[in-house]
$ cat structure-v9.cif   # mmCIF, C-alpha atoms
data_entry
loop_
_atom_site.label_atom_id
_atom_site.label_comp_id
_atom_site.auth_asym_id
_atom_site.auth_seq_id
_atom_site.Cartn_x
_atom_site.Cartn_y
_atom_site.Cartn_z
CA MET A 1 44.40 79.85 -125.26
CA THR A 2 45.86 82.86 -127.00
CA VAL A 3 47.05 82.10 -130.50
CA THR A 4 50.46 83.63 -131.06
CA HIS A 5 51.99 84.33 -134.45
CA PRO A 6 54.41 81.48 -135.26
CA ASP A 7 57.31 83.91 -135.67
CA GLU A 8 56.89 84.94 -132.02
CA HIS A 9 57.76 81.46 -130.65
CA PRO A 10 54.46 80.80 -128.88
CA ARG A 11 54.41 79.61 -125.28
CA ILE A 12 51.76 77.78 -123.30
CA THR A 13 51.10 77.82 -119.58
CA VAL A 14 49.83 74.97 -117.43
CA GLY A 15 46.54 76.84 -117.03
CA GLU A 16 46.10 77.11 -120.80
CA LEU A 17 46.76 73.39 -121.19
CA GLN A 18 44.17 72.48 -118.59
CA ALA A 19 41.56 74.87 -119.97
CA ALA A 20 41.90 73.78 -123.60
CA GLU A 21 40.19 71.00 -125.52
CA PRO A 22 42.40 67.90 -125.98
CA ASP A 23 43.16 68.62 -129.66
CA ALA A 24 43.34 72.40 -129.40
CA PHE A 25 47.12 72.70 -129.68
CA SER A 26 47.52 70.32 -132.61
CA THR A 27 44.68 72.12 -134.42
CA THR A 28 46.33 75.50 -133.85
CA PHE A 29 50.01 74.66 -134.21
CA GLY A 30 50.17 71.28 -136.00
CA ASP A 31 52.33 68.47 -134.60
CA VAL A 32 54.09 69.93 -131.56
CA GLU A 33 55.72 69.22 -128.24
CA ILE A 34 55.94 71.71 -125.39
CA VAL A 35 59.40 72.15 -123.86
CA ASP A 36 59.59 74.41 -120.82
CA GLY A 37 56.46 76.17 -122.07
CA LEU A 38 57.80 76.68 -125.61
CA VAL A 39 55.78 75.22 -128.48
CA VAL A 40 58.20 73.20 -130.61
CA GLN A 41 56.86 72.21 -134.02
CA LEU A 42 57.77 68.69 -135.09
CA THR A 43 59.06 67.68 -138.48
CA ALA A 44 56.97 65.17 -140.42
CA GLN A 45 58.47 61.70 -140.08
CA SER A 46 59.62 59.43 -142.88
CA GLU A 47 57.71 56.45 -144.20
CA ALA A 48 60.31 54.12 -142.67
CA HIS A 49 59.93 55.78 -139.27
CA SER A 50 56.16 55.49 -139.41
CA ARG A 51 56.35 51.85 -140.50
CA VAL A 52 58.67 50.85 -137.65
CA VAL A 53 56.55 52.67 -135.06
CA ARG A 54 53.38 51.03 -136.35
CA ARG A 55 54.81 47.51 -136.49
CA LEU A 56 56.64 47.68 -133.17
CA ALA A 57 53.53 48.99 -131.44
CA ALA A 58 51.52 46.13 -132.94
CA ALA A 59 54.15 43.59 -131.82
CA LEU A 60 54.06 44.94 -128.27
CA ASP A 61 50.28 44.89 -128.30
CA ASP A 62 50.20 41.30 -129.56
CA ALA A 63 52.73 40.25 -126.88
CA ARG A 64 50.48 41.22 -123.98
CA ASP A 65 49.58 38.27 -121.78
CA PRO A 66 45.87 37.47 -122.25
CA ALA A 67 45.78 36.41 -118.60
CA ASP A 68 46.97 39.88 -117.58
CA PRO A 69 45.07 42.36 -119.74
CA CYS A 70 46.09 45.39 -117.68
CA LEU A 71 48.62 46.74 -120.18
CA ARG A 72 47.93 49.23 -122.94
CA VAL A 73 50.06 50.37 -125.87
CA GLY A 74 49.88 53.95 -127.12
CA CYS A 75 51.49 55.86 -129.99
CA ASP A 76 52.04 59.63 -130.11
CA VAL A 77 49.86 60.23 -127.07
CA ALA A 78 50.47 63.33 -124.93
CA VAL A 79 52.37 62.84 -121.67
CA ARG A 80 52.94 65.71 -119.27
CA PHE A 81 56.27 65.56 -117.47
CA ALA A 82 57.47 67.53 -114.46
CA ASP A 83 57.25 71.30 -114.80
CA ALA A 84 60.46 73.24 -115.19
CA ASP A 85 61.64 75.15 -112.14
CA ASP A 86 61.02 78.65 -113.44
CA HIS A 87 59.10 81.54 -111.85
CA ARG A 88 57.61 82.50 -115.23
CA ALA A 89 54.30 80.71 -115.79
CA ASP A 90 54.89 80.31 -119.53
CA HIS A 91 58.33 78.68 -119.04
CA ARG A 92 57.26 75.61 -117.03
CA LEU A 93 55.07 73.21 -118.99
CA ASN A 94 56.57 70.03 -120.49
CA VAL A 95 54.43 67.82 -122.75
CA ARG A 96 55.91 65.12 -124.97
CA TYR A 97 54.45 62.61 -127.40
CA PRO A 98 56.56 59.43 -127.22
CA ASP A 99 56.54 57.33 -130.38
CA ILE A 100 55.31 54.34 -128.34
CA PHE A 101 54.59 53.65 -124.71
CA VAL A 102 53.31 50.73 -122.67
CA ARG A 103 51.29 51.62 -119.59
CA ASP A 104 48.99 50.10 -117.03
CA CYS A 105 45.22 50.25 -117.41
CA GLU A 106 44.51 53.20 -115.14
CA PRO A 107 42.27 55.78 -116.85
CA TYR A 108 44.31 58.04 -119.11
CA ASP A 109 45.07 61.51 -117.78
CA ILE A 110 47.66 63.69 -119.47
CA ASN A 111 48.79 65.02 -116.08
CA THR A 112 49.42 61.66 -114.41
CA VAL A 113 50.00 59.11 -117.17
CA ARG A 114 53.79 59.39 -116.79
CA ASP A 115 53.46 57.63 -113.41
CA HIS A 116 51.84 54.64 -115.13
CA LEU A 117 54.36 54.04 -117.93
CA ALA A 118 56.35 50.80 -117.92
CA LEU A 119 58.19 51.32 -121.21
CA VAL A 120 58.84 54.17 -123.65
CA VAL A 121 60.17 53.76 -127.19
CA GLU A 122 61.59 56.46 -129.44
CA VAL A 123 62.44 55.75 -133.07
CA VAL A 124 65.28 58.08 -134.00
CA SER A 125 65.03 60.36 -137.02
CA LYS A 126 67.48 62.90 -138.39
CA SER A 127 65.67 65.72 -136.62
CA THR A 128 65.23 63.96 -133.25
CA VAL A 129 68.48 62.05 -132.70
CA ASP A 130 69.92 64.57 -130.22
CA SER A 131 66.67 64.84 -128.27
CA ASP A 132 66.00 61.07 -128.21
CA THR A 133 69.51 60.14 -127.06
CA GLY A 134 70.11 63.08 -124.73
CA GLU A 135 67.25 65.20 -123.49
CA LYS A 136 64.53 62.52 -123.50
CA HIS A 137 66.94 59.94 -122.12
CA LYS A 138 67.26 62.11 -118.98
CA LEU A 139 63.60 63.20 -118.92
CA TYR A 140 62.18 59.68 -119.02
CA ALA A 141 64.62 58.41 -116.40
CA ARG A 142 63.81 61.25 -114.01
CA ALA A 143 60.13 60.41 -114.45
CA GLY A 144 60.92 56.92 -113.17
CA ILE A 145 59.92 55.05 -116.34
CA PRO A 146 61.51 51.60 -115.82
CA ALA A 147 62.61 50.88 -119.41
CA TYR A 148 63.51 52.95 -122.47
CA LEU A 149 64.19 51.71 -125.99
CA ILE A 150 65.91 53.79 -128.68
CA VAL A 151 65.58 52.48 -132.23
CA HIS A 152 68.47 53.57 -134.47
CA PHE A 153 68.51 53.41 -138.27
CA ASP A 154 71.59 52.80 -140.39
CA LYS A 155 72.99 55.43 -142.76
CA SER A 156 70.20 54.85 -145.26
CA TRP A 157 67.55 55.84 -142.67
CA GLU A 158 65.51 52.91 -144.03
CA THR A 159 66.87 49.90 -142.13
CA ILE A 160 67.20 49.38 -138.36
CA ASP A 161 70.83 49.25 -137.26
CA ARG A 162 70.28 48.55 -133.54
CA ILE A 163 67.87 48.99 -130.67
CA GLU A 164 69.38 50.19 -127.41
CA GLU A 165 67.61 49.06 -124.24
CA TYR A 166 68.03 51.03 -121.02
CA ARG A 167 66.80 50.25 -117.50
CA LEU A 168 66.72 52.43 -114.39
CA ASP A 169 69.66 52.00 -112.04
CA TRP A 170 69.51 51.67 -108.25
CA SER A 171 68.74 55.38 -107.83
CA GLY A 172 65.59 55.17 -109.94
CA LEU A 173 66.64 58.43 -111.61
CA ARG A 174 69.17 57.39 -114.24
CA TYR A 175 69.27 54.89 -117.09
CA MET A 176 72.01 52.35 -117.49
CA PRO A 177 72.58 50.31 -120.67
CA HIS A 178 70.90 46.93 -120.39
CA SER A 179 71.26 45.47 -123.88
CA VAL A 180 71.98 46.36 -127.50
CA HIS A 181 69.79 44.38 -129.87
CA ARG A 182 71.40 43.86 -133.29
CA THR A 183 69.09 41.66 -135.38
CA ALA A 184 66.00 41.13 -133.22
CA LEU A 185 64.37 42.78 -130.23
CA VAL A 186 64.03 40.38 -127.32
CA LEU A 187 62.25 41.69 -124.21
CA ASP A 188 61.30 40.15 -120.89
CA THR A 189 59.53 43.20 -119.47
CA PRO A 190 56.89 44.65 -119.50
CA VAL A 191 55.98 41.96 -122.05
CA THR A 192 57.76 38.88 -123.32
CA LEU A 193 58.60 39.65 -126.93
CA ALA A 194 60.89 38.46 -129.71
CA VAL A 195 60.60 40.21 -133.06
CA THR A 196 63.18 40.42 -135.86
CA PHE A 197 64.28 43.70 -137.35
CA ASP A 198 63.23 42.38 -140.76
CA ALA A 199 59.67 42.02 -139.50
CA LEU A 200 59.71 45.62 -138.26
CA HIS A 201 61.03 47.39 -141.33
CA ARG A 202 60.28 45.27 -144.38
CA PRO A 203 58.41 47.24 -147.07
#

$ encode --input "structure-v9.cif" --output "structure tokens"
Amino acid sequence: MTVTHPDEHPRITVGELQAAEPDAFSTTFGDVEIVDGLVVQLTAQSEAHSRVVRRLAAALDDARDPADPCLRVGCDVAVRFADADDHRADHRLNVRYPDIFVRDCEPYDINTVRDHLALVVEVVSKSTVDSDTGEKHKLYARAGIPAYLIVHFDKSWETIDRIEEYRLDWSGLRYMPHSVHRTALVLDTPVTLAVTFDALHRP
């Protein structure tokens, strides 16, 4: 991988991704996502954001059915999505790091893991609200991920206001609203879960 000066808006090709060590990009650029080949540096998240991600991931993990162990919960793990339709090699690659995902127990592969996701969760922050509610909403649906949760904070950015739950519609390419959770998250797929907002964000 060629290291580009940050002011030059570095780009990465599919070939560079596949040739690099797993942690090469984070070592070089810090916390990033790759959007149509462009390296996008991520803003450090708040303590409240980190706490909600950690506790919700633990709740999902604890809710797995012991009789059906073939579910795994991941946080901030790389997922490669469909390449952009562009003739330029350095304008195609799309790699995201969802806050939380639930997947089956097939061996992890950055190139194929998107086909094994049952649920993706994004916890909104000031810097990601547009991406989480717009761009990623479309991206995850087009990847065929059955369920998507968006966790919204109130104006203080410390307390959960609501969690929006989306499910794929008949086309399998678009999300439709399924439920808005106001005081507790209650799920029936891919795990059976009931957890209060207080349990997720208490200090």

$ closest_residue --input "structure-v9.cif" --among "A:Leu71, A:Leu93, A:Val113, A:Val40" --to "Leu17 (chain A)" --atoms "all atoms listed in the file"
A:Leu93

$ residues_around --input "structure-v9.cif" --residues "Val151 (chain A)" --least-positions-apart "2" --cutoff "7 Å" --atoms "all atoms listed in the file" --output "VMD selection string"
chain A and resid 122 to 124 149 153 162 to 164

$ closest_residue --input "structure-v9.cif" --among "A:Glu21, A:Leu38, A:Ile100, A:Thr159" --to "Ala59 (chain A)" --atoms "only C-alpha atoms"
A:Ile100

$ resolve_selection --input "structure-v9.cif" --expression "the PyMOL selection byres ((chain A and resi 109) around 12)" --output "ChimeraX atom specification"
/A:18,22,77-81,103,105-108,110-117

$ residues_around --input "structure-v9.cif" --residues "Phe197 (chain A)" --least-positions-apart "5" --cutoff "12 Å" --atoms "all atoms listed in the file" --output "JSON, numbers by chain"
{"A": [51, 52, 55, 56, 59, 151, 152, 153, 158, 159, 160, 161, 162, 163, 181, 182, 183, 184, 185, 186, 202, 203]}

$ atom_distance --input "structure-v9.cif" --atom1 "CA of Asp154 (chain A)" --atom2 "CA of Ser125 (chain A)"
10.6 Å

$ resolve_selection --input "structure-v9.cif" --expression "the PyMOL selection byres ((chain A and resi 137) around 10)" --output "list in words"
Glu122, Asp130, Ser131, Asp132, Thr133, Gly134, Glu135, Lys136, Lys138, Leu139, Tyr140, Ala141, Arg142, Tyr148, Leu149, Ile150, Tyr166, Arg174 and Tyr175 of chain A

$ closest_residue --input "structure-v9.cif" --among "A:Ala143, A:Val129, A:Val195, A:Leu42" --to "Ser171 (chain A)" --atoms "all atoms listed in the file"
A:Ala143

$ closest_residue --input "structure-v9.cif" --among "A:Val102, A:Leu187, A:Asp169, A:Asp90" --to "Asp61 (chain A)" --atoms "only C-alpha atoms"
A:Val102

$ closest_residue --input "structure-v9.cif" --among "A:Gly144, A:Pro66, A:Pro10, A:Pro98" --to "Gly172 (chain A)" --atoms "all atoms listed in the file"
A:Gly144

$ resolve_selection --input "structure-v9.cif" --expression "the PyMOL selection byres ((chain A and resi 146) around 6)" --output "list in words"
Ala118, Gly144, Ile145, Ala147, Arg167 and Leu168 of chain A

$ closest_residue --input "structure-v9.cif" --among "A:Ser127, A:Thr196, A:Thr13, A:Asn94" --to "Asp36 (chain A)" --atoms "all atoms listed in the file"
A:Asn94

$ atom_distance --input "structure-v9.cif" --atom1 "CA of Ala199 (chain A)" --atom2 "CA of Trp157 (chain A)"
16.2 Å

$ atom_distance --input "structure-v9.cif" --atom1 "CA of Thr43 (chain A)" --atom2 "CA of Val73 (chain A)"
23.2 Å

$ residues_near_point --input "structure-v9.cif" --point "(54.1, 77.9, -111.7)" --cutoff "12 Å" --atoms "only C-alpha atoms" --output "NGL selection string"
:A and (12-15 or 36-37 or 82-93)

$ decode --input "structure-v9.cif" --residues "region 115-155 of chain A" --atoms "N, CA and C atoms" --output "PDB file, in the first residue's frame"
ATOM      1  N   ASP A 115     -22.675 -11.012   3.602  1.00  0.00           N
ATOM      2  CA  ASP A 115     -23.707 -11.982   3.225  1.00  0.00           C
ATOM      3  C   ASP A 115     -24.145 -12.839   4.405  1.00  0.00           C
ATOM      4  N   HIS A 116     -23.496 -12.685   5.550  1.00  0.00           N
ATOM      5  CA  HIS A 116     -23.792 -13.510   6.717  1.00  0.00           C
ATOM      6  C   HIS A 116     -24.320 -12.689   7.888  1.00  0.00           C
ATOM      7  N   LEU A 117     -24.634 -11.414   7.642  1.00  0.00           N
ATOM      8  CA  LEU A 117     -25.138 -10.549   8.703  1.00  0.00           C
ATOM      9  C   LEU A 117     -26.653 -10.674   8.828  1.00  0.00           C
ATOM     10  N   ALA A 118     -27.123 -10.813  10.075  1.00  0.00           N
ATOM     11  CA  ALA A 118     -28.561 -10.865  10.338  1.00  0.00           C
ATOM     12  C   ALA A 118     -29.087  -9.538  10.880  1.00  0.00           C
ATOM     13  N   LEU A 119     -28.207  -8.766  11.494  1.00  0.00           N
ATOM     14  CA  LEU A 119     -28.594  -7.502  12.117  1.00  0.00           C
ATOM     15  C   LEU A 119     -27.386  -6.585  12.155  1.00  0.00           C
ATOM     16  N   VAL A 120     -27.621  -5.298  11.872  1.00  0.00           N
ATOM     17  CA  VAL A 120     -26.599  -4.264  12.041  1.00  0.00           C
ATOM     18  C   VAL A 120     -27.179  -3.168  12.921  1.00  0.00           C
ATOM     19  N   VAL A 121     -26.335  -2.632  13.811  1.00  0.00           N
ATOM     20  CA  VAL A 121     -26.733  -1.544  14.699  1.00  0.00           C
ATOM     21  C   VAL A 121     -25.755  -0.392  14.532  1.00  0.00           C
ATOM     22  N   GLU A 122     -26.285   0.807  14.376  1.00  0.00           N
ATOM     23  CA  GLU A 122     -25.461   2.013  14.411  1.00  0.00           C
ATOM     24  C   GLU A 122     -25.982   2.904  15.524  1.00  0.00           C
ATOM     25  N   VAL A 123     -25.070   3.383  16.370  1.00  0.00           N
ATOM     26  CA  VAL A 123     -25.395   4.327  17.427  1.00  0.00           C
ATOM     27  C   VAL A 123     -25.013   5.710  16.920  1.00  0.00           C
ATOM     28  N   VAL A 124     -25.994   6.552  16.745  1.00  0.00           N
ATOM     29  CA  VAL A 124     -25.796   7.850  16.103  1.00  0.00           C
ATOM     30  C   VAL A 124     -24.948   8.769  16.978  1.00  0.00           C
ATOM     31  N   SER A 125     -24.050   9.502  16.334  1.00  0.00           N
ATOM     32  CA  SER A 125     -23.311  10.575  16.989  1.00  0.00           C
ATOM     33  C   SER A 125     -23.486  11.841  16.159  1.00  0.00           C
ATOM     34  N   LYS A 126     -23.005  12.953  16.672  1.00  0.00           N
ATOM     35  CA  LYS A 126     -23.161  14.213  15.946  1.00  0.00           C
ATOM     36  C   LYS A 126     -22.528  14.142  14.556  1.00  0.00           C
ATOM     37  N   SER A 127     -21.404  13.435  14.463  1.00  0.00           N
ATOM     38  CA  SER A 127     -20.672  13.398  13.198  1.00  0.00           C
ATOM     39  C   SER A 127     -21.185  12.323  12.234  1.00  0.00           C
ATOM     40  N   THR A 128     -22.026  11.398  12.716  1.00  0.00           N
ATOM     41  CA  THR A 128     -22.447  10.285  11.853  1.00  0.00           C
ATOM     42  C   THR A 128     -23.939  10.263  11.566  1.00  0.00           C
ATOM     43  N   VAL A 129     -24.701  11.209  12.103  1.00  0.00           N
ATOM     44  CA  VAL A 129     -26.164  11.124  11.997  1.00  0.00           C
ATOM     45  C   VAL A 129     -26.627  11.059  10.541  1.00  0.00           C
ATOM     46  N   ASP A 130     -26.038  11.865   9.663  1.00  0.00           N
ATOM     47  CA  ASP A 130     -26.466  11.858   8.265  1.00  0.00           C
ATOM     48  C   ASP A 130     -26.125  10.532   7.590  1.00  0.00           C
ATOM     49  N   SER A 131     -24.938  10.020   7.864  1.00  0.00           N
ATOM     50  CA  SER A 131     -24.517   8.757   7.272  1.00  0.00           C
ATOM     51  C   SER A 131     -25.349   7.589   7.795  1.00  0.00           C
ATOM     52  N   ASP A 132     -25.585   7.549   9.108  1.00  0.00           N
ATOM     53  CA  ASP A 132     -26.308   6.430   9.719  1.00  0.00           C
ATOM     54  C   ASP A 132     -27.759   6.374   9.270  1.00  0.00           C
ATOM     55  N   THR A 133     -28.383   7.543   9.092  1.00  0.00           N
ATOM     56  CA  THR A 133     -29.807   7.568   8.746  1.00  0.00           C
ATOM     57  C   THR A 133     -30.056   7.631   7.242  1.00  0.00           C
ATOM     58  N   GLY A 134     -29.025   7.928   6.468  1.00  0.00           N
ATOM     59  CA  GLY A 134     -29.197   8.050   5.025  1.00  0.00           C
ATOM     60  C   GLY A 134     -28.370   7.052   4.254  1.00  0.00           C
ATOM     61  N   GLU A 135     -27.090   7.337   4.156  1.00  0.00           N
ATOM     62  CA  GLU A 135     -26.192   6.526   3.323  1.00  0.00           C
ATOM     63  C   GLU A 135     -26.131   5.065   3.771  1.00  0.00           C
ATOM     64  N   LYS A 136     -25.910   4.833   5.068  1.00  0.00           N
ATOM     65  CA  LYS A 136     -25.804   3.453   5.550  1.00  0.00           C
ATOM     66  C   LYS A 136     -27.150   2.744   5.535  1.00  0.00           C
ATOM     67  N   HIS A 137     -28.207   3.487   5.735  1.00  0.00           N
ATOM     68  CA  HIS A 137     -29.563   2.935   5.657  1.00  0.00           C
ATOM     69  C   HIS A 137     -29.766   2.271   4.295  1.00  0.00           C
ATOM     70  N   LYS A 138     -29.330   2.942   3.233  1.00  0.00           N
ATOM     71  CA  LYS A 138     -29.452   2.386   1.875  1.00  0.00           C
ATOM     72  C   LYS A 138     -28.435   1.276   1.640  1.00  0.00           C
ATOM     73  N   LEU A 139     -27.195   1.487   2.099  1.00  0.00           N
ATOM     74  CA  LEU A 139     -26.120   0.523   1.870  1.00  0.00           C
ATOM     75  C   LEU A 139     -26.446  -0.829   2.488  1.00  0.00           C
ATOM     76  N   TYR A 140     -26.894  -0.820   3.742  1.00  0.00           N
ATOM     77  CA  TYR A 140     -27.170  -2.073   4.432  1.00  0.00           C
ATOM     78  C   TYR A 140     -28.379  -2.785   3.824  1.00  0.00           C
ATOM     79  N   ALA A 141     -29.370  -2.020   3.400  1.00  0.00           N
ATOM     80  CA  ALA A 141     -30.537  -2.641   2.769  1.00  0.00           C
ATOM     81  C   ALA A 141     -30.150  -3.295   1.452  1.00  0.00           C
ATOM     82  N   ARG A 142     -29.372  -2.599   0.643  1.00  0.00           N
ATOM     83  CA  ARG A 142     -28.971  -3.159  -0.651  1.00  0.00           C
ATOM     84  C   ARG A 142     -28.080  -4.382  -0.499  1.00  0.00           C
ATOM     85  N   ALA A 143     -27.428  -4.502   0.660  1.00  0.00           N
ATOM     86  CA  ALA A 143     -26.627  -5.695   0.933  1.00  0.00           C
ATOM     87  C   ALA A 143     -27.499  -6.858   1.398  1.00  0.00           C
ATOM     88  N   GLY A 144     -28.781  -6.596   1.620  1.00  0.00           N
ATOM     89  CA  GLY A 144     -29.705  -7.658   2.010  1.00  0.00           C
ATOM     90  C   GLY A 144     -29.653  -8.023   3.480  1.00  0.00           C
ATOM     91  N   ILE A 145     -29.163  -7.115   4.317  1.00  0.00           N
ATOM     92  CA  ILE A 145     -29.119  -7.380   5.764  1.00  0.00           C
ATOM     93  C   ILE A 145     -30.544  -7.265   6.301  1.00  0.00           C
ATOM     94  N   PRO A 146     -31.084  -8.321   6.906  1.00  0.00           N
ATOM     95  CA  PRO A 146     -32.521  -8.353   7.228  1.00  0.00           C
ATOM     96  C   PRO A 146     -33.008  -7.274   8.180  1.00  0.00           C
ATOM     97  N   ALA A 147     -32.189  -6.868   9.161  1.00  0.00           N
ATOM     98  CA  ALA A 147     -32.661  -5.912  10.163  1.00  0.00           C
ATOM     99  C   ALA A 147     -31.578  -4.878  10.456  1.00  0.00           C
ATOM    100  N   TYR A 148     -32.043  -3.646  10.713  1.00  0.00           N
ATOM    101  CA  TYR A 148     -31.141  -2.526  10.986  1.00  0.00           C
ATOM    102  C   TYR A 148     -31.721  -1.720  12.132  1.00  0.00           C
ATOM    103  N   LEU A 149     -30.904  -1.479  13.157  1.00  0.00           N
ATOM    104  CA  LEU A 149     -31.301  -0.649  14.285  1.00  0.00           C
ATOM    105  C   LEU A 149     -30.482   0.632  14.275  1.00  0.00           C
ATOM    106  N   ILE A 150     -31.157   1.762  14.507  1.00  0.00           N
ATOM    107  CA  ILE A 150     -30.484   3.049  14.658  1.00  0.00           C
ATOM    108  C   ILE A 150     -30.810   3.589  16.036  1.00  0.00           C
ATOM    109  N   VAL A 151     -29.774   3.758  16.856  1.00  0.00           N
ATOM    110  CA  VAL A 151     -29.937   4.260  18.217  1.00  0.00           C
ATOM    111  C   VAL A 151     -29.738   5.769  18.208  1.00  0.00           C
ATOM    112  N   HIS A 152     -30.765   6.509  18.621  1.00  0.00           N
ATOM    113  CA  HIS A 152     -30.717   7.968  18.646  1.00  0.00           C
ATOM    114  C   HIS A 152     -30.623   8.470  20.087  1.00  0.00           C
ATOM    115  N   PHE A 153     -29.751   9.459  20.305  1.00  0.00           N
ATOM    116  CA  PHE A 153     -29.674  10.125  21.605  1.00  0.00           C
ATOM    117  C   PHE A 153     -30.615  11.330  21.629  1.00  0.00           C
ATOM    118  N   ASP A 154     -30.908  11.798  22.849  1.00  0.00           N
ATOM    119  CA  ASP A 154     -31.661  13.046  22.973  1.00  0.00           C
ATOM    120  C   ASP A 154     -30.702  14.223  22.799  1.00  0.00           C
ATOM    121  N   LYS A 155     -31.179  15.425  23.076  1.00  0.00           N
ATOM    122  CA  LYS A 155     -30.376  16.629  22.829  1.00  0.00           C
ATOM    123  C   LYS A 155     -29.107  16.693  23.671  1.00  0.00           C
TER     124      LYS A 155
END
